[in-house]
$ cat model_20.pdb   # PDB, C-alpha atoms
ATOM      1  CA  MET A   1     -15.394   0.270   7.224
ATOM      2  CA  HIS A   2     -12.947   2.555   5.456
ATOM      3  CA  VAL A   3     -14.183   5.528   3.450
ATOM      4  CA  VAL A   4     -13.112   5.380  -0.188
ATOM      5  CA  PRO A   5     -12.975   8.759  -1.988
ATOM      6  CA  GLY A   6     -15.945   9.438  -4.220
ATOM      7  CA  TRP A   7     -13.748  10.070  -7.245
ATOM      8  CA  LEU A   8     -12.353   6.536  -6.953
ATOM      9  CA  THR A   9     -15.724   4.821  -6.552
ATOM     10  CA  ASP A  10     -17.008   6.844  -9.521
ATOM     11  CA  LEU A  11     -13.938   5.811 -11.513
ATOM     12  CA  ALA A  12     -14.553   2.138 -10.727
ATOM     13  CA  ALA A  13     -18.222   2.423 -11.641
ATOM     14  CA  GLY A  14     -17.396   4.058 -14.956
ATOM     15  CA  ALA A  15     -14.555   1.654 -15.768
ATOM     16  CA  VAL A  16     -16.909  -1.187 -16.639
ATOM     17  CA  ARG A  17     -18.543   0.996 -19.299
ATOM     18  CA  THR A  18     -15.320   2.293 -20.842
ATOM     19  CA  ARG A  19     -14.724   1.198 -24.425
ATOM     20  CA  VAL A  20     -11.389  -0.557 -24.944
ATOM     21  CA  PRO A  21      -9.389   0.891 -27.876
ATOM     22  CA  ALA A  22      -8.974  -1.503 -30.781
ATOM     23  CA  ALA A  23      -5.203  -1.758 -30.272
ATOM     24  CA  LEU A  24      -5.717  -3.011 -26.699
ATOM     25  CA  ARG A  25      -8.541  -5.473 -27.258
ATOM     26  CA  PRO A  26      -7.624  -9.043 -26.304
ATOM     27  CA  PRO A  27      -7.619 -11.625 -29.129
ATOM     28  CA  ALA A  28     -11.083 -13.024 -29.742
ATOM     29  CA  ASN A  29      -9.675 -16.564 -29.807
ATOM     30  CA  GLY A  30      -8.689 -16.316 -26.143
ATOM     31  CA  ASP A  31      -4.931 -16.304 -26.754
ATOM     32  CA  GLY A  32      -2.664 -14.535 -24.280
ATOM     33  CA  ARG A  33      -1.544 -15.087 -20.712
ATOM     34  CA  ARG A  34      -3.915 -13.782 -18.054
ATOM     35  CA  ALA A  35      -2.318 -11.115 -15.870
ATOM     36  CA  ALA A  36      -3.299  -8.302 -13.513
ATOM     37  CA  VAL A  37      -1.862  -5.021 -12.275
ATOM     38  CA  LEU A  38      -2.709  -3.048  -9.142
ATOM     39  CA  LEU A  39      -3.638   0.629  -9.489
ATOM     40  CA  LEU A  40      -3.230   1.453  -5.810
ATOM     41  CA  PHE A  41      -4.271   4.980  -4.861
ATOM     42  CA  GLY A  42      -3.619   6.480  -1.438
ATOM     43  CA  GLU A  43      -3.555   9.838   0.318
ATOM     44  CA  GLY A  44      -0.093  11.269   0.886
ATOM     45  CA  SER A  45       1.266  14.559   2.147
ATOM     46  CA  GLU A  46       0.706  16.068  -1.314
ATOM     47  CA  GLY A  47      -2.787  14.684  -1.845
ATOM     48  CA  PRO A  48      -3.806  11.560  -3.772
ATOM     49  CA  ASP A  49      -0.967   9.398  -5.044
ATOM     50  CA  ILE A  50      -0.425   6.092  -6.823
ATOM     51  CA  LEU A  51       2.090   3.310  -6.285
ATOM     52  CA  LEU A  52       4.526   2.592  -9.129
ATOM     53  CA  ILE A  53       7.530   0.326  -9.421
ATOM     54  CA  GLN A  54      10.552   0.513 -11.690
ATOM     55  CA  ARG A  55      11.296  -2.869 -13.179
ATOM     56  CA  SER A  56      14.828  -4.231 -13.023
ATOM     57  CA  SER A  57      17.094  -3.175 -15.876
ATOM     58  CA  LYS A  58      18.366  -6.773 -15.876
ATOM     59  CA  GLY A  59      14.983  -8.166 -16.905
ATOM     60  CA  ARG A  60      14.207  -9.612 -20.319
ATOM     61  CA  VAL A  61      10.799  -8.000 -20.953
ATOM     62  CA  HIS A  62       9.911  -4.380 -20.058
ATOM     63  CA  ALA A  63      13.393  -3.946 -18.559
ATOM     64  CA  GLY A  64      13.844  -0.751 -16.569
ATOM     65  CA  GLN A  65      10.316   0.485 -17.222
ATOM     66  CA  PRO A  66       8.127   2.144 -14.587
ATOM     67  CA  ALA A  67       4.991   0.054 -14.118
ATOM     68  CA  PHE A  68       2.125  -0.821 -11.839
ATOM     69  CA  PRO A  69       2.827  -3.739  -9.508
ATOM     70  CA  GLY A  70       1.498  -6.918 -11.021
ATOM     71  CA  GLY A  71       2.111 -10.018 -13.082
ATOM     72  CA  GLY A  72       0.656 -13.245 -14.382
ATOM     73  CA  LEU A  73      -2.138 -15.178 -12.707
ATOM     74  CA  ASP A  74      -1.074 -18.307 -10.852
ATOM     75  CA  PRO A  75      -3.408 -21.310 -10.492
ATOM     76  CA  GLU A  76      -3.855 -20.629  -6.777
ATOM     77  CA  ASP A  77      -4.829 -16.977  -7.305
ATOM     78  CA  ASP A  78      -8.425 -15.966  -6.738
ATOM     79  CA  GLY A  79      -8.644 -14.343 -10.161
ATOM     80  CA  PRO A  80      -7.115 -10.975 -11.167
ATOM     81  CA  ILE A  81      -7.697  -9.368  -7.764
ATOM     82  CA  GLY A  82      -5.820 -12.109  -5.934
ATOM     83  CA  ALA A  83      -2.993 -12.003  -8.466
ATOM     84  CA  ALA A  84      -2.637  -8.211  -8.313
ATOM     85  CA  LEU A  85      -2.464  -8.198  -4.503
ATOM     86  CA  ARG A  86      -0.067 -11.149  -4.366
ATOM     87  CA  GLU A  87       2.288  -9.654  -6.941
ATOM     88  CA  ALA A  88       2.236  -6.265  -5.201
ATOM     89  CA  GLU A  89       3.114  -7.931  -1.913
ATOM     90  CA  GLU A  90       5.961  -9.895  -3.514
ATOM     91  CA  GLU A  91       7.336  -6.889  -5.401
ATOM     92  CA  THR A  92       6.942  -4.091  -2.851
ATOM     93  CA  GLY A  93       6.275  -5.657   0.555
ATOM     94  CA  LEU A  94       2.748  -4.252   0.499
ATOM     95  CA  ASP A  95       0.457  -5.447   3.290
ATOM     96  CA  PRO A  96      -2.805  -6.404   1.517
ATOM     97  CA  ARG A  97      -4.722  -5.918   4.773
ATOM     98  CA  GLY A  98      -4.289  -2.169   4.299
ATOM     99  CA  VAL A  99      -5.900  -2.249   0.861
ATOM    100  CA  GLU A 100      -9.542  -2.107  -0.171
ATOM    101  CA  VAL A 101     -10.248  -3.228  -3.718
ATOM    102  CA  VAL A 102     -12.808  -0.955  -5.352
ATOM    103  CA  GLY A 103     -13.258  -2.636  -8.715
ATOM    104  CA  THR A 104     -11.624  -3.836 -11.913
ATOM    105  CA  MET A 105     -11.246  -2.344 -15.365
ATOM    106  CA  SER A 106     -11.763  -4.094 -18.679
ATOM    107  CA  GLU A 107      -9.118  -6.577 -19.750
ATOM    108  CA  LEU A 108      -6.399  -5.040 -21.947
ATOM    109  CA  TYR A 109      -4.008  -6.815 -24.301
ATOM    110  CA  VAL A 110      -0.253  -6.117 -24.286
ATOM    111  CA  SER A 111       0.957  -7.667 -27.523
ATOM    112  CA  ARG A 112       4.664  -7.364 -26.737
ATOM    113  CA  SER A 113       4.416  -9.684 -23.741
ATOM    114  CA  ASP A 114       1.271 -11.516 -24.947
ATOM    115  CA  ASN A 115      -0.553 -10.655 -21.705
ATOM    116  CA  ARG A 116      -4.258 -10.092 -21.172
ATOM    117  CA  VAL A 117      -4.086  -7.601 -18.311
ATOM    118  CA  THR A 118      -6.874  -6.739 -15.884
ATOM    119  CA  PRO A 119      -6.204  -3.453 -14.022
ATOM    120  CA  VAL A 120      -7.438  -3.650 -10.422
ATOM    121  CA  LEU A 121      -8.486  -0.368  -8.772
ATOM    122  CA  ALA A 122      -7.822  -0.138  -5.036
ATOM    123  CA  TRP A 123      -7.650   2.304  -2.112
ATOM    124  CA  TRP A 124      -4.688   2.227   0.309
ATOM    125  CA  HIS A 125      -6.557   3.049   3.508
ATOM    126  CA  THR A 126      -3.693   1.989   5.812
ATOM    127  CA  PRO A 127      -0.363   2.677   4.073
ATOM    128  CA  CYS A 128       2.722   0.732   5.062
ATOM    129  CA  ALA A 129       6.396   1.030   4.215
ATOM    130  CA  VAL A 130       7.182  -0.334   0.745
ATOM    131  CA  HIS A 131      10.467  -1.134  -0.957
ATOM    132  CA  ALA A 132      11.998  -3.172  -3.780
ATOM    133  CA  ALA A 133      11.177  -6.489  -2.111
ATOM    134  CA  SER A 134      12.174  -8.568  -5.150
ATOM    135  CA  PRO A 135      15.468  -7.052  -6.394
ATOM    136  CA  ASP A 136      15.685  -9.402  -9.363
ATOM    137  CA  GLU A 137      12.415  -7.960 -10.667
ATOM    138  CA  VAL A 138      12.164  -4.476  -9.142
ATOM    139  CA  GLU A 139      14.756  -1.720  -8.771
ATOM    140  CA  ALA A 140      12.670   0.948  -7.036
ATOM    141  CA  VAL A 141       9.239   1.682  -5.600
ATOM    142  CA  GLU A 142       7.639   5.135  -5.590
ATOM    143  CA  ARG A 143       4.421   6.739  -4.407
ATOM    144  CA  ILE A 144       3.836   9.312  -7.131
ATOM    145  CA  PRO A 145       1.515  12.235  -6.279
ATOM    146  CA  VAL A 146      -1.307  12.685  -8.774
ATOM    147  CA  ALA A 147      -0.535  16.418  -8.704
ATOM    148  CA  GLU A 148       2.885  15.694 -10.225
ATOM    149  CA  LEU A 149       1.475  13.378 -12.871
ATOM    150  CA  VAL A 150      -1.029  15.976 -14.086
ATOM    151  CA  ASP A 151       1.393  18.897 -13.904
ATOM    152  CA  PRO A 152       1.607  20.102 -17.534
ATOM    153  CA  ALA A 153       5.385  20.480 -17.146
ATOM    154  CA  ASN A 154       5.658  16.717 -16.589
ATOM    155  CA  ARG A 155       3.573  15.637 -19.570
ATOM    156  CA  LEU A 156       4.672  14.880 -23.112
ATOM    157  CA  GLN A 157       4.080  12.525 -26.007
ATOM    158  CA  LEU A 158       6.609   9.994 -27.253
ATOM    159  CA  ARG A 159       7.190   8.854 -30.795
ATOM    160  CA  TYR A 160       8.278   5.228 -31.053
ATOM    161  CA  PRO A 161      10.620   3.972 -33.812
ATOM    162  CA  ALA A 162       8.975   3.442 -37.195
ATOM    163  CA  GLY A 163       5.761   4.985 -35.937
ATOM    164  CA  ALA A 164       4.018   8.177 -36.942
ATOM    165  CA  VAL A 165       1.643   8.042 -33.963
ATOM    166  CA  SER A 166       2.702   9.596 -30.663
ATOM    167  CA  HIS A 167       1.783   8.191 -27.251
ATOM    168  CA  PRO A 168       1.289   9.838 -23.821
ATOM    169  CA  ALA A 169       4.144   9.814 -21.331
ATOM    170  CA  PHE A 170       5.103  11.370 -17.997
ATOM    171  CA  ARG A 171       8.418  12.580 -16.545
ATOM    172  CA  VAL A 172       8.200  12.427 -12.750
ATOM    173  CA  ARG A 173      10.784  11.936 -10.009
ATOM    174  CA  GLY A 174      13.491  10.940 -12.446
ATOM    175  CA  LEU A 175      11.254   8.372 -14.146
ATOM    176  CA  LEU A 176      10.047   8.326 -17.731
ATOM    177  CA  VAL A 177       6.648   6.634 -17.576
ATOM    178  CA  TRP A 178       5.640   5.402 -21.023
ATOM    179  CA  GLY A 179       4.043   2.523 -22.894
ATOM    180  CA  PHE A 180       1.153   0.547 -21.407
ATOM    181  CA  THR A 181       1.502   2.126 -17.956
ATOM    182  CA  ALA A 182       1.398   5.684 -19.293
ATOM    183  CA  GLY A 183      -1.567   4.882 -21.510
ATOM    184  CA  VAL A 184      -3.584   3.501 -18.604
ATOM    185  CA  LEU A 185      -2.584   6.422 -16.362
ATOM    186  CA  ASP A 186      -3.565   8.921 -19.047
ATOM    187  CA  GLY A 187      -7.046   7.429 -19.312
ATOM    188  CA  VAL A 188      -7.558   6.977 -15.580
ATOM    189  CA  LEU A 189      -6.463  10.485 -14.620
ATOM    190  CA  SER A 190      -8.774  11.952 -17.250
ATOM    191  CA  ALA A 191     -11.728   9.777 -16.210
ATOM    192  CA  ALA A 192     -11.194  10.678 -12.541
ATOM    193  CA  GLY A 193     -11.301  14.400 -13.354
ATOM    194  CA  PHE A 194      -7.677  15.108 -12.425
ATOM    195  CA  GLU A 195      -6.308  15.940 -15.865
ATOM    196  CA  ARG A 196      -5.129  19.494 -16.533
ATOM    197  CA  PRO A 197      -4.674  21.037 -19.979
ATOM    198  CA  TRP A 198      -1.205  20.247 -21.327
ATOM    199  CA  ASP A 199       0.783  20.791 -24.504
ATOM    200  CA  ARG A 200       0.089  17.782 -26.714
ATOM    201  CA  SER A 201       2.385  19.207 -29.379
ATOM    202  CA  ARG A 202       5.344  18.453 -27.104
ATOM    203  CA  ILE A 203       6.501  15.320 -28.910
ATOM    204  CA  GLU A 204       9.858  13.627 -28.383
ATOM    205  CA  ASP A 205      11.481  10.463 -29.671
ATOM    206  CA  LEU A 206      11.787   7.539 -27.292
ATOM    207  CA  PRO A 207      15.288   7.982 -25.774
ATOM    208  CA  PRO A 208      17.928   5.568 -27.181
ATOM    209  CA  GLU A 209      18.800   4.156 -23.765
ATOM    210  CA  VAL A 210      15.146   3.366 -23.083
ATOM    211  CA  LEU A 211      14.792   1.862 -26.537
ATOM    212  CA  ASP A 212      17.835  -0.356 -25.973
ATOM    213  CA  LEU A 213      16.322  -1.793 -22.794
ATOM    214  CA  ALA A 214      12.930  -2.250 -24.414
ATOM    215  CA  ALA A 215      14.499  -4.110 -27.367
ATOM    216  CA  ARG A 216      15.724  -6.950 -25.146
ATOM    217  CA  GLY A 217      12.517  -8.950 -25.218
TER     218      GLY A 217
END

$ encode --input "model_20.pdb" --output "structure tokens"
Amino acid sequence: MHVVPGWLTDLAAGAVRTRVPAALRPPANGDGRRAAVLLLFGEGSEGPDILLIQRSSKGRVHAGQPAFPGGGLDPEDDGPIGAALREAEEETGLDPRGVEVVGTMSELYVSRSDNRVTPVLAWWHTPCAVHAASPDEVEAVERIPVAELVDPANRLQLRYPAGAVSHPAFRVRGLLVWGFTAGVLDGVLSAAGFERPWDRSRIEDLPPEVLDLAARG
């Protein structure tokens, strides 16, 4: 039996009680494709880290964006957990035998892709080598230390076109993490007690090159 850090088990226990913001609540009529993402935490040389991918810039939806491994549920999947592990294996070469699933978060709706996404929380007790195992879908794979994500120097808010509201984002290891992924990370890091005070008045516009890729869908 592998020992899962207390902060992660506490996070999973609290996730089921977390209120989903109105903008992320799935349609009441059941519309939307069921999907899942894997929030895979491990212990690296710099402390706790999380696995992220960078989607291919050649893709049609979410092109070039950093994201959690994941995708749509297939009929043969054993629910969101099975889908998250399968997609992570296909995208990064992850060995699911080295992963212990701790729990799931509430389903979230991504209107742009019409996906009802279940985040799956997991502990990487036996890390393996990972890489862009599906080049058509993934350009890069990174284990990002939590310490870098919560470093105030790496945090900012982004203003999207035609929007007065700003949204959390991260600049780490040459990646601009924004959108759905950044929103989930922001909430998870805060709930787990990792968040450090940062300058929320640091607001920037979404870079044109990122906007161009995002506008493909």

$ closest_residue --input "model_20.pdb" --among "A:Glu90, A:Asp10, A:Glu148, A:Asp95" --to "Ser134 of chain A" --atoms "all atoms listed in the file"
A:Glu90

$ residues_near_point --input "model_20.pdb" --point "(11.5, 11.3, -9.9)" --cutoff "10 Å" --atoms "all atoms listed in the file" --output "list in words"
Glu142, Ile144, Glu148, Arg171, Val172, Arg173, Gly174, Leu175 and Leu176 of chain A

$ closest_residue --input "model_20.pdb" --among "A:Trp198, A:Thr104, A:Val141, A:Glu204" --to "Pro66 of chain A" --atoms "all atoms listed in the file"
A:Val141

$ resolve_selection --input "model_20.pdb" --expression "the PyMOL selection byres ((chain A and resi 205-214) around 12)" --output "ChimeraX atom specification"
/A:55-66,112-113,156-169,175-179,202-204,215-217

$ closest_residue --input "model_20.pdb" --among "A:Leu185, A:Leu73, A:Leu52, A:Val37" --to "Thr118 of chain A" --atoms "all atoms listed in the file"
A:Val37

$ closest_residue --input "model_20.pdb" --among "A:Ala83, A:Val3, A:Val110, A:Met105" --to "Trp124 of chain A" --atoms "only C-alpha atoms"
A:Val3

$ resolve_selection --input "model_20.pdb" --expression "the PyMOL selection byres ((chain A and resi 12) around 10)" --output "list in words"
Gly6, Trp7, Leu8, Thr9, Asp10, Leu11, Ala13, Gly14, Ala15, Val16, Arg17, Val101, Val102, Gly103, Thr104, Met105, Val120, Leu121, Ala122, Val188, Ala191 and Ala192 of chain A

$ closest_residue --input "model_20.pdb" --among "A:Val4, A:Ala67, A:Leu189, A:Ala35" --to "Leu149 of chain A" --atoms "only C-alpha atoms"
A:Leu189

$ atom_distance --input "model_20.pdb" --atom1 "atom CA of Gly72 of chain A" --atom2 "atom CA of Gly98 of chain A"
22.3 Å

$ closest_residue --input "model_20.pdb" --among "A:Val117, A:Ile53, A:Ala36, A:Leu108" --to "Pro135 of chain A" --atoms "all atoms listed in the file"
A:Ile53

$ atom_distance --input "model_20.pdb" --atom1 "atom CA of Gly79 of chain A" --atom2 "atom CA of Asn115 of chain A"
14.6 Å

$ residues_around --input "model_20.pdb" --residues "Val99 of chain A" --least-positions-apart "4" --cutoff "10 Å" --atoms "only C-alpha atoms" --output "list in words"
His2, Leu40, Phe41, Gly42, Leu85, Leu94, Asp95, Ala122, Trp123, Trp124, His125, Thr126 and Pro127 of chain A

$ atom_distance --input "model_20.pdb" --atom1 "atom CA of Ala129 of chain A" --atom2 "atom CA of Pro96 of chain A"
12.1 Å

$ axis_aligned_box --input "model_20.pdb" --around "segment 33-50 of chain A" --padding-each-side "4 Å" --output "AutoDock Vina command-line options"
--center_x -1.5 --center_y 0.5 --center_z -9.3 --size_x 13.5 --size_y 39.2 --size_z 30.9

$ resolve_selection --input "model_20.pdb" --expression "the PyMOL selection byres ((chain A and resi 150) around 7)" --output "ChimeraX atom specification"
/A:146-149,151-152,194-196

$ decode --input "model_20.pdb" --residues "segment 160-187 of chain A" --atoms "N, CA, C and O atoms" --output "PDB file, in the first residue's frame"
ATOM      1  N   TYR A 160      -9.296  38.426 -21.575  1.00  0.00           N
ATOM      2  CA  TYR A 160      -9.617  37.868 -22.883  1.00  0.00           C
ATOM      3  C   TYR A 160     -10.294  38.937 -23.740  1.00  0.00           C
ATOM      4  O   TYR A 160     -10.833  39.915 -23.214  1.00  0.00           O
ATOM      5  N   PRO A 161     -10.290  38.780 -25.057  1.00  0.00           N
ATOM      6  CA  PRO A 161     -10.921  39.780 -25.935  1.00  0.00           C
ATOM      7  C   PRO A 161     -12.395  39.985 -25.580  1.00  0.00           C
ATOM      8  O   PRO A 161     -13.111  39.043 -25.243  1.00  0.00           O
ATOM      9  N   ALA A 162     -12.821  41.209 -25.648  1.00  0.00           N
ATOM     10  CA  ALA A 162     -14.224  41.582 -25.407  1.00  0.00           C
ATOM     11  C   ALA A 162     -14.693  41.170 -24.022  1.00  0.00           C
ATOM     12  O   ALA A 162     -15.878  40.927 -23.798  1.00  0.00           O
ATOM     13  N   GLY A 163     -13.764  41.112 -23.074  1.00  0.00           N
ATOM     14  CA  GLY A 163     -14.154  40.749 -21.720  1.00  0.00           C
ATOM     15  C   GLY A 163     -13.534  41.680 -20.700  1.00  0.00           C
ATOM     16  O   GLY A 163     -12.353  41.995 -20.777  1.00  0.00           O
ATOM     17  N   ALA A 164     -14.333  42.116 -19.748  1.00  0.00           N
ATOM     18  CA  ALA A 164     -13.832  42.996 -18.706  1.00  0.00           C
ATOM     19  C   ALA A 164     -13.266  42.199 -17.540  1.00  0.00           C
ATOM     20  O   ALA A 164     -12.515  42.726 -16.720  1.00  0.00           O
ATOM     21  N   VAL A 165     -13.633  40.912 -17.463  1.00  0.00           N
ATOM     22  CA  VAL A 165     -13.208  40.065 -16.350  1.00  0.00           C
ATOM     23  C   VAL A 165     -11.847  39.443 -16.666  1.00  0.00           C
ATOM     24  O   VAL A 165     -11.588  39.007 -17.786  1.00  0.00           O
ATOM     25  N   SER A 166     -10.969  39.418 -15.675  1.00  0.00           N
ATOM     26  CA  SER A 166      -9.663  38.797 -15.851  1.00  0.00           C
ATOM     27  C   SER A 166      -9.677  37.396 -15.238  1.00  0.00           C
ATOM     28  O   SER A 166     -10.468  37.094 -14.344  1.00  0.00           O
ATOM     29  N   HIS A 167      -8.778  36.543 -15.717  1.00  0.00           N
ATOM     30  CA  HIS A 167      -8.760  35.142 -15.316  1.00  0.00           C
ATOM     31  C   HIS A 167      -7.344  34.738 -14.904  1.00  0.00           C
ATOM     32  O   HIS A 167      -6.367  35.226 -15.465  1.00  0.00           O
ATOM     33  N   PRO A 168      -7.199  33.828 -13.935  1.00  0.00           N
ATOM     34  CA  PRO A 168      -5.864  33.435 -13.467  1.00  0.00           C
ATOM     35  C   PRO A 168      -5.059  32.726 -14.547  1.00  0.00           C
ATOM     36  O   PRO A 168      -5.604  32.029 -15.403  1.00  0.00           O
ATOM     37  N   ALA A 169      -3.750  32.924 -14.485  1.00  0.00           N
ATOM     38  CA  ALA A 169      -2.840  32.279 -15.434  1.00  0.00           C
ATOM     39  C   ALA A 169      -1.486  32.079 -14.749  1.00  0.00           C
ATOM     40  O   ALA A 169      -1.215  32.656 -13.689  1.00  0.00           O
ATOM     41  N   PHE A 170      -0.653  31.263 -15.369  1.00  0.00           N
ATOM     42  CA  PHE A 170       0.677  30.961 -14.846  1.00  0.00           C
ATOM     43  C   PHE A 170       1.683  31.008 -16.003  1.00  0.00           C
ATOM     44  O   PHE A 170       1.374  30.559 -17.113  1.00  0.00           O
ATOM     45  N   ARG A 171       2.878  31.544 -15.723  1.00  0.00           N
ATOM     46  CA  ARG A 171       3.984  31.452 -16.686  1.00  0.00           C
ATOM     47  C   ARG A 171       5.070  30.598 -16.051  1.00  0.00           C
ATOM     48  O   ARG A 171       5.748  31.027 -15.118  1.00  0.00           O
ATOM     49  N   VAL A 172       5.224  29.371 -16.544  1.00  0.00           N
ATOM     50  CA  VAL A 172       6.212  28.448 -15.986  1.00  0.00           C
ATOM     51  C   VAL A 172       6.893  27.668 -17.100  1.00  0.00           C
ATOM     52  O   VAL A 172       6.245  27.184 -18.023  1.00  0.00           O
ATOM     53  N   ARG A 173       8.209  27.574 -17.022  1.00  0.00           N
ATOM     54  CA  ARG A 173       8.988  26.750 -17.946  1.00  0.00           C
ATOM     55  C   ARG A 173       8.660  27.023 -19.408  1.00  0.00           C
ATOM     56  O   ARG A 173       8.530  26.113 -20.222  1.00  0.00           O
ATOM     57  N   GLY A 174       8.503  28.292 -19.731  1.00  0.00           N
ATOM     58  CA  GLY A 174       8.225  28.672 -21.104  1.00  0.00           C
ATOM     59  C   GLY A 174       6.790  28.468 -21.540  1.00  0.00           C
ATOM     60  O   GLY A 174       6.461  28.679 -22.708  1.00  0.00           O
ATOM     61  N   LEU A 175       5.922  28.061 -20.611  1.00  0.00           N
ATOM     62  CA  LEU A 175       4.518  27.819 -20.931  1.00  0.00           C
ATOM     63  C   LEU A 175       3.638  28.905 -20.328  1.00  0.00           C
ATOM     64  O   LEU A 175       3.880  29.358 -19.210  1.00  0.00           O
ATOM     65  N   LEU A 176       2.628  29.310 -21.072  1.00  0.00           N
ATOM     66  CA  LEU A 176       1.589  30.179 -20.533  1.00  0.00           C
ATOM     67  C   LEU A 176       0.376  29.287 -20.277  1.00  0.00           C
ATOM     68  O   LEU A 176      -0.274  28.812 -21.213  1.00  0.00           O
ATOM     69  N   VAL A 177       0.108  29.023 -19.008  1.00  0.00           N
ATOM     70  CA  VAL A 177      -1.012  28.164 -18.631  1.00  0.00           C
ATOM     71  C   VAL A 177      -2.212  29.068 -18.371  1.00  0.00           C
ATOM     72  O   VAL A 177      -2.167  29.921 -17.482  1.00  0.00           O
ATOM     73  N   TRP A 178      -3.287  28.869 -19.133  1.00  0.00           N
ATOM     74  CA  TRP A 178      -4.439  29.752 -19.020  1.00  0.00           C
ATOM     75  C   TRP A 178      -5.720  28.952 -19.234  1.00  0.00           C
ATOM     76  O   TRP A 178      -5.705  27.739 -19.341  1.00  0.00           O
ATOM     77  N   GLY A 179      -6.846  29.644 -19.281  1.00  0.00           N
ATOM     78  CA  GLY A 179      -8.110  29.003 -19.571  1.00  0.00           C
ATOM     79  C   GLY A 179      -8.552  28.019 -18.501  1.00  0.00           C
ATOM     80  O   GLY A 179      -8.307  28.210 -17.303  1.00  0.00           O
ATOM     81  N   PHE A 180      -9.213  26.946 -18.939  1.00  0.00           N
ATOM     82  CA  PHE A 180      -9.766  25.945 -18.031  1.00  0.00           C
ATOM     83  C   PHE A 180      -8.695  25.367 -17.119  1.00  0.00           C
ATOM     84  O   PHE A 180      -8.895  25.230 -15.904  1.00  0.00           O
ATOM     85  N   THR A 181      -7.546  25.023 -17.687  1.00  0.00           N
ATOM     86  CA  THR A 181      -6.469  24.396 -16.909  1.00  0.00           C
ATOM     87  C   THR A 181      -5.993  25.312 -15.792  1.00  0.00           C
ATOM     88  O   THR A 181      -5.824  24.885 -14.641  1.00  0.00           O
ATOM     89  N   ALA A 182      -5.776  26.583 -16.114  1.00  0.00           N
ATOM     90  CA  ALA A 182      -5.318  27.535 -15.098  1.00  0.00           C
ATOM     91  C   ALA A 182      -6.379  27.745 -14.025  1.00  0.00           C
ATOM     92  O   ALA A 182      -6.055  27.865 -12.836  1.00  0.00           O
ATOM     93  N   GLY A 183      -7.635  27.772 -14.426  1.00  0.00           N
ATOM     94  CA  GLY A 183      -8.701  27.956 -13.447  1.00  0.00           C
ATOM     95  C   GLY A 183      -8.774  26.809 -12.456  1.00  0.00           C
ATOM     96  O   GLY A 183      -8.940  27.023 -11.252  1.00  0.00           O
ATOM     97  N   VAL A 184      -8.646  25.581 -12.964  1.00  0.00           N
ATOM     98  CA  VAL A 184      -8.663  24.416 -12.075  1.00  0.00           C
ATOM     99  C   VAL A 184      -7.438  24.421 -11.173  1.00  0.00           C
ATOM    100  O   VAL A 184      -7.525  24.184  -9.965  1.00  0.00           O
ATOM    101  N   LEU A 185      -6.259  24.710 -11.749  1.00  0.00           N
ATOM    102  CA  LEU A 185      -5.033  24.758 -10.951  1.00  0.00           C
ATOM    103  C   LEU A 185      -5.142  25.807  -9.853  1.00  0.00           C
ATOM    104  O   LEU A 185      -4.737  25.561  -8.707  1.00  0.00           O
ATOM    105  N   ASP A 186      -5.663  26.963 -10.181  1.00  0.00           N
ATOM    106  CA  ASP A 186      -5.800  28.044  -9.210  1.00  0.00           C
ATOM    107  C   ASP A 186      -6.622  27.576  -8.013  1.00  0.00           C
ATOM    108  O   ASP A 186      -6.243  27.784  -6.855  1.00  0.00           O
ATOM    109  N   GLY A 187      -7.744  26.918  -8.278  1.00  0.00           N
ATOM    110  CA  GLY A 187      -8.595  26.446  -7.198  1.00  0.00           C
ATOM    111  C   GLY A 187      -7.971  25.319  -6.399  1.00  0.00           C
ATOM    112  O   GLY A 187      -8.053  25.293  -5.168  1.00  0.00           O
TER     113      GLY A 187
END
